[in-house]
$ cat work-v9.csv   # CSV, C-alpha atoms and all ligand atoms
chain,number,residue,atom,x,y,z
F,1,MET,CA,129.2,106.0,76.1
F,2,SER,CA,129.6,109.5,77.6
F,3,LEU,CA,129.1,111.3,80.8
F,4,THR,CA,127.9,114.9,81.4
F,5,ILE,CA,127.8,116.6,84.8
F,6,HIS,CA,125.8,119.8,85.3
F,7,GLY,CA,126.7,122.1,88.1
F,8,ILE,CA,129.6,124.2,89.5
F,9,PRO,CA,132.1,122.8,92.0
F,10,ALA,CA,131.1,125.4,94.6
F,11,SER,CA,127.8,123.6,95.1
F,12,ARG,CA,126.6,120.1,95.9
F,13,ALA,CA,127.8,119.3,92.3
F,14,LEU,CA,131.2,119.0,94.0
F,15,ARG,CA,130.2,115.4,94.9
F,16,PRO,CA,129.9,113.9,91.4
F,17,LEU,CA,132.7,116.2,90.1
F,18,TRP,CA,135.0,115.0,92.9
F,19,ALA,CA,134.0,111.3,92.4
F,20,ALA,CA,134.6,111.6,88.6
F,21,ALA,CA,138.0,113.1,89.3
F,22,GLU,CA,138.9,110.4,91.8
F,23,LEU,CA,137.9,107.8,89.3
F,24,GLY,CA,139.8,109.5,86.4
F,25,LEU,CA,136.6,109.6,84.3
F,26,ALA,CA,136.3,111.7,81.1
F,27,PHE,CA,133.1,113.7,81.2
F,28,GLU,CA,131.6,116.9,79.7
F,29,HIS,CA,131.2,119.6,82.4
F,30,VAL,CA,128.3,122.0,82.0
F,31,PRO,CA,129.0,124.5,84.8
F,32,THR,CA,125.3,125.5,85.5
F,33,PRO,CA,125.3,127.9,88.5
F,34,PHE,CA,122.8,127.6,91.3
F,35,ALA,CA,122.1,131.4,91.3
F,36,GLY,CA,120.5,133.5,88.7
F,37,GLY,CA,117.7,131.2,87.6
F,38,ALA,CA,119.8,128.8,85.4
F,39,THR,CA,118.4,125.8,87.3
F,40,ARG,CA,114.8,126.9,86.6
F,41,THR,CA,114.9,127.1,82.8
F,42,PRO,CA,112.6,124.6,80.9
F,43,GLU,CA,115.8,122.9,79.6
F,44,HIS,CA,117.2,122.3,83.1
F,45,LEU,CA,113.8,121.4,84.6
F,46,ALA,CA,113.6,118.7,81.9
F,47,LEU,CA,116.8,117.2,83.3
F,48,ASN,CA,115.9,117.7,87.0
F,49,PRO,CA,112.3,118.7,87.8
F,50,ASN,CA,113.4,119.8,91.2
F,51,GLY,CA,115.2,122.7,89.6
F,52,HIS,CA,118.6,121.9,91.3
F,53,ILE,CA,122.1,121.0,90.4
F,54,PRO,CA,123.8,118.6,90.1
F,55,VAL,CA,122.5,116.5,87.3
F,56,LEU,CA,124.5,113.6,85.9
F,57,ILE,CA,123.7,112.1,82.5
F,58,ASP,CA,125.2,108.8,81.5
F,59,ARG,CA,124.7,108.1,77.8
F,60,ARG,CA,124.7,104.3,77.5
F,61,PRO,CA,124.1,101.9,74.6
F,62,GLU,CA,120.8,100.9,76.2
F,63,GLY,CA,119.7,104.6,76.6
F,64,ASP,CA,120.4,107.7,78.7
F,65,VAL,CA,120.5,107.4,82.5
F,66,THR,CA,119.8,110.6,84.3
F,67,VAL,CA,120.7,110.9,87.9
F,68,TRP,CA,119.9,113.8,90.3
F,69,GLU,CA,120.5,114.1,94.0
F,70,SER,CA,124.2,114.7,94.6
F,71,MET,CA,124.9,111.7,96.8
F,72,ALA,CA,123.2,109.4,94.3
F,73,CYS,CA,125.3,110.9,91.5
F,74,ALA,CA,128.6,110.2,93.4
F,75,LEU,CA,127.5,106.7,94.5
F,76,TYR,CA,126.3,105.9,91.0
F,77,LEU,CA,129.7,106.9,89.5
F,78,ALA,CA,131.5,104.8,92.0
F,79,ARG,CA,129.1,101.8,91.5
F,80,VAL,CA,128.7,101.9,87.7
F,81,HIS,CA,132.0,103.5,86.5
F,82,GLY,CA,134.6,102.6,89.1
F,83,GLU,CA,137.0,99.7,89.1
F,84,VAL,CA,136.0,97.2,91.8
F,85,ASP,CA,139.6,96.5,92.5
F,86,GLY,CA,140.2,97.4,96.1
F,87,VAL,CA,142.2,100.4,95.0
F,88,SER,CA,139.7,102.9,93.5
F,89,ILE,CA,137.1,104.7,95.6
F,90,SER,CA,134.5,102.2,94.6
F,91,PRO,CA,133.3,99.8,97.2
F,92,CYS,CA,134.7,96.3,96.5
F,93,THR,CA,132.9,94.2,99.1
F,94,ALA,CA,129.4,94.0,100.4
F,95,ARG,CA,130.6,95.5,103.7
F,96,GLU,CA,132.2,98.5,101.8
F,97,GLU,CA,129.0,98.9,99.8
F,98,ALA,CA,127.0,99.0,103.0
F,99,GLU,CA,129.4,101.5,104.6
F,100,ALA,CA,129.1,103.8,101.6
F,101,LEU,CA,125.3,103.7,101.6
F,102,ARG,CA,124.9,104.1,105.3
F,103,TRP,CA,127.4,106.9,105.8
F,104,SER,CA,126.0,108.8,102.8
F,105,PHE,CA,122.4,108.5,104.0
F,106,TRP,CA,123.6,109.3,107.5
F,107,THR,CA,125.3,112.5,106.5
F,108,VAL,CA,122.4,113.7,104.5
F,109,THR,CA,119.8,113.0,107.2
F,110,GLU,CA,121.8,113.7,110.4
F,111,CYS,CA,124.2,116.4,109.4
F,112,GLU,CA,123.6,118.3,106.1
F,113,VAL,CA,121.1,120.9,107.2
F,114,ASP,CA,122.9,121.8,110.3
F,115,ALA,CA,126.3,121.8,108.7
F,116,LEU,CA,125.0,124.2,106.1
F,117,THR,CA,123.5,126.5,108.7
F,118,VAL,CA,126.8,126.6,110.5
F,119,LEU,CA,128.6,127.5,107.3
F,120,MET,CA,126.1,130.2,106.3
F,121,HIS,CA,125.6,131.8,109.7
F,122,ARG,CA,129.2,131.7,110.8
F,123,VAL,CA,131.1,132.7,107.7
F,124,ALA,CA,129.4,132.5,104.3
F,125,MET,CA,126.7,135.1,104.5
F,126,PRO,CA,127.4,138.8,104.7
F,127,GLU,CA,127.8,139.6,108.4
F,128,GLU,CA,124.7,141.7,108.7
F,129,ARG,CA,122.5,138.8,107.6
F,130,ARG,CA,124.1,136.1,109.9
F,131,LYS,CA,122.0,134.9,112.8
F,132,PRO,CA,124.4,133.5,115.4
F,133,ALA,CA,121.5,132.0,117.4
F,134,LEU,CA,120.7,129.7,114.4
F,135,ALA,CA,124.4,128.7,114.2
F,136,ASP,CA,124.5,128.0,117.9
F,137,ALA,CA,121.4,125.7,117.8
F,138,ALA,CA,122.8,123.9,114.7
F,139,GLU,CA,126.1,123.4,116.4
F,140,ARG,CA,124.4,121.9,119.5
F,141,ARG,CA,122.4,119.4,117.2
F,142,LEU,CA,125.5,118.6,115.1
F,143,ALA,CA,127.5,117.6,118.2
F,144,VAL,CA,125.3,114.5,118.4
F,145,PRO,CA,126.2,112.9,115.0
F,146,LEU,CA,129.8,114.2,115.2
F,147,ARG,CA,130.2,112.2,118.5
F,148,VAL,CA,129.1,109.1,116.5
F,149,LEU,CA,131.7,109.8,113.8
F,150,GLU,CA,134.4,110.7,116.3
F,151,ALA,CA,133.9,107.3,118.0
F,152,HIS,CA,133.9,105.5,114.6
F,153,LEU,CA,137.1,107.1,113.6
F,154,GLN,CA,138.6,106.2,117.0
F,155,THR,CA,137.7,102.6,116.3
F,156,GLN,CA,139.1,102.7,112.8
F,157,GLN,CA,142.3,104.3,114.1
F,158,SER,CA,142.7,101.6,116.7
F,159,GLN,CA,142.6,99.1,113.8
F,160,GLY,CA,145.2,101.1,111.9
F,161,GLN,CA,142.6,102.5,109.4
F,162,ALA,CA,142.6,106.2,108.6
F,163,TRP,CA,139.3,106.2,106.6
F,164,LEU,CA,135.6,105.6,107.2
F,165,ALA,CA,134.9,102.4,105.3
F,166,ALA,CA,138.1,100.7,104.3
F,167,GLU,CA,141.9,100.9,104.5
F,168,ARG,CA,141.7,103.4,101.6
F,169,PHE,CA,139.8,106.6,100.8
F,170,THR,CA,136.4,105.6,99.3
F,171,VAL,CA,133.2,107.2,98.1
F,172,ALA,CA,132.0,106.9,101.7
F,173,ASP,CA,134.7,109.4,102.8
F,174,LEU,CA,133.9,111.6,99.8
F,175,CYS,CA,130.2,111.9,100.5
F,176,VAL,CA,130.5,112.6,104.2
F,177,ALA,CA,133.5,115.0,103.9
F,178,SER,CA,131.5,116.9,101.3
F,179,VAL,CA,129.0,117.8,104.0
F,180,LEU,CA,131.2,118.0,107.1
F,181,MET,CA,133.6,120.3,105.4
F,182,TRP,CA,131.0,123.0,106.0
F,183,ALA,CA,131.1,122.3,109.8
F,184,ARG,CA,134.7,123.5,109.8
F,185,ALA,CA,133.2,127.0,110.1
F,186,SER,CA,132.7,126.1,113.8
F,187,ARG,CA,135.9,126.1,115.7
F,188,PRO,CA,134.4,124.7,118.9
F,189,LEU,CA,132.8,121.8,117.1
F,190,MET,CA,136.1,120.9,115.4
F,191,ALA,CA,138.1,121.3,118.7
F,192,ALA,CA,135.6,119.0,120.4
F,193,HIS,CA,136.0,116.4,117.6
F,194,PRO,CA,139.6,116.4,116.7
F,195,LEU,CA,139.6,113.1,114.7
F,196,VAL,CA,136.7,114.3,112.6
F,197,HIS,CA,138.6,117.5,111.9
F,198,ALA,CA,141.8,115.8,111.0
F,199,TRP,CA,139.9,113.3,108.8
F,200,VAL,CA,138.0,116.1,106.9
F,201,GLN,CA,141.3,117.9,106.3
F,202,ARG,CA,142.9,114.7,105.0
F,203,CYS,CA,139.9,114.2,102.6
F,204,LEU,CA,140.2,117.8,101.3
F,205,ALA,CA,144.0,117.4,100.8
F,206,ARG,CA,143.2,114.8,98.0
F,207,PRO,CA,144.6,115.9,94.7
F,208,ALA,CA,141.3,115.2,93.0
F,209,TYR,CA,139.4,117.5,95.4
F,210,ARG,CA,142.0,120.2,94.9
F,211,ALA,CA,141.8,119.9,91.1
F,212,VAL,CA,138.0,120.2,91.1
F,213,ARG,CA,138.1,123.2,93.4
F,214,ALA,CA,140.7,124.9,91.3
F,215,ASP,CA,138.0,125.1,88.7
F,216,GLY,CA,135.6,127.0,90.9
G,1,LIG,N1,119.3,117.3,97.8
G,1,LIG,C1,119.7,117.9,96.6
G,1,LIG,C2,119.9,119.4,96.8
G,1,LIG,C3,120.3,120.1,95.5
G,1,LIG,C4,120.4,121.6,95.7
G,1,LIG,O1,119.7,122.2,96.6
G,1,LIG,N2,121.3,122.2,94.9
G,1,LIG,C5,121.4,123.7,95.0
G,1,LIG,C6,122.9,124.0,94.8
G,1,LIG,S1,123.9,123.3,96.1
G,1,LIG,C7,120.7,124.3,93.8
G,1,LIG,O2,120.6,123.8,92.8
G,1,LIG,N3,120.1,125.5,94.1
G,1,LIG,C8,119.5,126.3,93.0
G,1,LIG,C9,118.0,126.2,93.0
G,1,LIG,O3,117.4,125.4,93.9
G,1,LIG,O4,117.4,126.8,92.2
G,1,LIG,C10,121.1,117.3,96.2
G,1,LIG,O5,121.8,116.9,97.1
G,1,LIG,O6,121.4,117.2,95.0
$ encode --input "work-v9.csv" --output "structure tokens"
Amino acid sequence: MSLTIHGIPASRALRPLWAAAELGLAFEHVPTPFAGGATRTPEHLALNPNGHIPVLIDRRPEGDVTVWESMACALYLARVHGEVDGVSISPCTAREEAEALRWSFWTVTECEVDALTVLMHRVAMPEERRKPALADAAERRLAVPLRVLEAHLQTQQSQGQAWLAAERFTVADLCVASVLMWARASRPLMAAHPLVHAWVQRCLARPAYRAVRADG
């Protein structure tokens, strides 16, 4: 049995790379970049017909399992390769499984596009190409789901819990933080949602995250 993850850390491939690091999994890393056409070669399109990274391949006795969609890759690793022991990032109860699924779908549908817009148009793109009006509108929309998360973290905190889904960091935190880390490019949004900001920073202080980002 062996695992391969295609994609560089400075992309959505961060999600399975971070999950694999948290789980201490051995895997082959193929650092396919998103720029320069490497995701559109016939070889890559055979792995992911969408022409994107990441792609995860799990070579199993019963045959290869190919996973694309970054959240699916991270959730798959936690579900199929994690220890269900209440210590690892893998959900260990039906409630934790539900939390991981709902927060991961939530962050993709409610937050990802706007968080990326904030990142690109506040800091990432060359200044002459940034459109502050796009970032302003994205920040206004993002304030709605961030209020939801702020309230959830407040509830968790009142119960002595520092994380989204459990008393420990789980794949739910990983999936949501991998999106909301982009929203840190907006100081007003972070100032208005201090629990979200502190929680994202806690997630990004994880040794596994740091080790993955040290590679790119
Ligand atoms: N929804 C997909 C999006 C994947 C995606 O857009 N990946 C980007 C890098 S973050 C990419 O591969 N871009 C290169 C391309 O589309 O050719 C996921 O989460 O995996």
$ residues_around --input "work-v9.csv" --residues "segment 133-142 of chain F" --least-positions-apart "3" --cutoff "8 Å" --atoms "only C-alpha atoms" --output "tab-separated table (two decimals) with C-alpha atoms, in the frame of the given file"
chain	number	residue	atom	x	y	z
F	110	GLU	CA	121.80	113.70	110.40
F	111	CYS	CA	124.20	116.40	109.40
F	114	ASP	CA	122.90	121.80	110.30
F	115	ALA	CA	126.30	121.80	108.70
F	117	THR	CA	123.50	126.50	108.70
F	118	VAL	CA	126.80	126.60	110.50
F	121	HIS	CA	125.60	131.80	109.70
F	122	ARG	CA	129.20	131.70	110.80
F	145	PRO	CA	126.20	112.90	115.00
F	146	LEU	CA	129.80	114.20	115.20
F	186	SER	CA	132.70	126.10	113.80
F	189	LEU	CA	132.80	121.80	117.10
$ closest_atom_pairs --input "work-v9.csv" --of "segment 5-83 of chain F" --to "segment 163-172 of chain F" --cutoff "12 Å" --atoms "all atoms listed in the file" --output "tab-separated table"
residue	atom	partner	partner_atom	distance
F:Arg15	CA	F:Val171	CA	9.3
F:Pro16	CA	F:Val171	CA	10.0
F:Trp18	CA	F:Val171	CA	9.5
F:Ala19	CA	F:Val171	CA	7.1
F:Ala20	CA	F:Val171	CA	10.6
F:Ala21	CA	F:Val171	CA	11.6
F:Glu22	CA	F:Val171	CA	9.1
F:Leu23	CA	F:Val171	CA	10.0
F:Met71	CA	F:Val171	CA	9.5
F:Ala72	CA	F:Val171	CA	10.9
F:Cys73	CA	F:Val171	CA	10.9
F:Ala74	CA	F:Val171	CA	7.2
F:Leu75	CA	F:Val171	CA	6.8
F:Tyr76	CA	F:Val171	CA	10.0
F:Leu77	CA	F:Val171	CA	9.3
F:Ala78	CA	F:Val171	CA	6.8
F:Arg79	CA	F:Val171	CA	9.5
F:Gly82	CA	F:Val171	CA	10.2
F:Glu83	CA	F:Thr170	CA	11.8
$ residues_near_point --input "work-v9.csv" --point "(127.2, 114.4, 79.8)" --cutoff "7 Å" --atoms "only C-alpha atoms" --output "JSON list (two decimals) with C-alpha atoms, in the coordinates of the input"
[["chain", "number", "residue", "atom", "x", "y", "z"],
["F", 2, "SER", "CA", 129.60, 109.50, 77.60],
["F", 3, "LEU", "CA", 129.10, 111.30, 80.80],
["F", 4, "THR", "CA", 127.90, 114.90, 81.40],
["F", 5, "ILE", "CA", 127.80, 116.60, 84.80],
["F", 27, "PHE", "CA", 133.10, 113.70, 81.20],
["F", 28, "GLU", "CA", 131.60, 116.90, 79.70],
["F", 56, "LEU", "CA", 124.50, 113.60, 85.90],
["F", 57, "ILE", "CA", 123.70, 112.10, 82.50],
["F", 58, "ASP", "CA", 125.20, 108.80, 81.50]]
$ closest_atom_pairs --input "work-v9.csv" --of "chain F" --to "ligand LIG 1 (chain G)" --cutoff "12 Å" --atoms "all atoms listed in the file" --output "CSV"
residue,atom,partner,partner_atom,distance
F:His6,CA,G:LIG1,O2,10.0
F:Gly7,CA,G:LIG1,O2,7.9
F:Ile8,CA,G:LIG1,C6,8.5
F:Pro9,CA,G:LIG1,S1,9.2
F:Ala10,CA,G:LIG1,S1,7.6
F:Ser11,CA,G:LIG1,S1,4.0
F:Arg12,CA,G:LIG1,S1,4.2
F:Ala13,CA,G:LIG1,S1,6.8
F:Leu14,CA,G:LIG1,S1,8.7
F:Arg15,CA,G:LIG1,O5,8.8
F:Pro16,CA,G:LIG1,O6,9.8
F:Pro31,CA,G:LIG1,O2,11.6
F:Thr32,CA,G:LIG1,O2,8.8
F:Pro33,CA,G:LIG1,C8,7.5
F:Phe34,CA,G:LIG1,C8,3.9
F:Ala35,CA,G:LIG1,C8,6.0
F:Gly36,CA,G:LIG1,O4,8.2
F:Gly37,CA,G:LIG1,O4,6.4
F:Ala38,CA,G:LIG1,O4,7.5
F:Thr39,CA,G:LIG1,O4,5.1
F:Arg40,CA,G:LIG1,O4,6.2
F:Thr41,CA,G:LIG1,O4,9.7
F:His44,CA,G:LIG1,O4,10.2
F:Leu45,CA,G:LIG1,O4,10.0
F:Asn48,CA,G:LIG1,O2,9.6
F:Pro49,CA,G:LIG1,O3,10.4
F:Asn50,CA,G:LIG1,O3,7.4
F:Gly51,CA,G:LIG1,O4,5.3
F:His52,CA,G:LIG1,O2,3.1
F:Ile53,CA,G:LIG1,O2,4.0
F:Pro54,CA,G:LIG1,O6,5.6
F:Val55,CA,G:LIG1,O6,7.8
F:Leu56,CA,G:LIG1,O6,10.3
F:Val67,CA,G:LIG1,O6,9.5
F:Trp68,CA,G:LIG1,O6,6.0
F:Glu69,CA,G:LIG1,O6,3.4
F:Ser70,CA,G:LIG1,O6,3.8
F:Met71,CA,G:LIG1,O5,6.1
F:Ala72,CA,G:LIG1,O6,8.0
F:Cys73,CA,G:LIG1,O6,8.2
F:Ala74,CA,G:LIG1,O6,10.2
F:Leu75,CA,G:LIG1,O5,12.0
F:Ser104,CA,G:LIG1,O5,10.8
F:Phe105,CA,G:LIG1,O5,10.9
F:Thr107,CA,G:LIG1,O5,11.0
F:Val108,CA,G:LIG1,O5,8.1
F:Thr109,CA,G:LIG1,N1,10.3
F:Glu112,CA,G:LIG1,O5,9.3
F:Val113,CA,G:LIG1,N1,10.2
F:Leu116,CA,G:LIG1,S1,10.1
F:Cys175,CA,G:LIG1,O5,10.3
F:Ser178,CA,G:LIG1,O5,10.6
F:Val179,CA,G:LIG1,O5,10.0
$ residues_around --input "work-v9.csv" --residues "segment 148-151 of chain F" --least-positions-apart "5" --cutoff "8 Å" --atoms "only C-alpha atoms" --output "list in words"
His193, Pro194, Leu195 and Val196 of chain F
$ atom_distance --input "work-v9.csv" --atom1 "atom CA of Arg184 of chain F" --atom2 "atom CA of Cys203 of chain F"
12.9 Å
$ closest_residue --input "work-v9.csv" --among "F:Ile89, F:Ala26, F:Ala100, F:Leu153" --to "Val200 of chain F" --atoms "all atoms listed in the file"
F:Leu153
$ atom_distance --input "work-v9.csv" --atom1 "atom CA of Glu96 of chain F" --atom2 "atom CA of Val84 of chain F"
10.8 Å
$ atom_distance --input "work-v9.csv" --atom1 "atom CA of Arg206 of chain F" --atom2 "atom CA of Ala162 of chain F"
13.7 Å
$ closest_residue --input "work-v9.csv" --among "F:Pro61, F:Val144, F:Asp173, F:Pro207" --to "Leu101 of chain F" --atoms "only C-alpha atoms"
F:Asp173
$ closest_residue --input "work-v9.csv" --among "F:Leu119, F:Val30, F:Leu25, F:Ala143" --to "Ser88 of chain F" --atoms "all atoms listed in the file"
F:Leu25
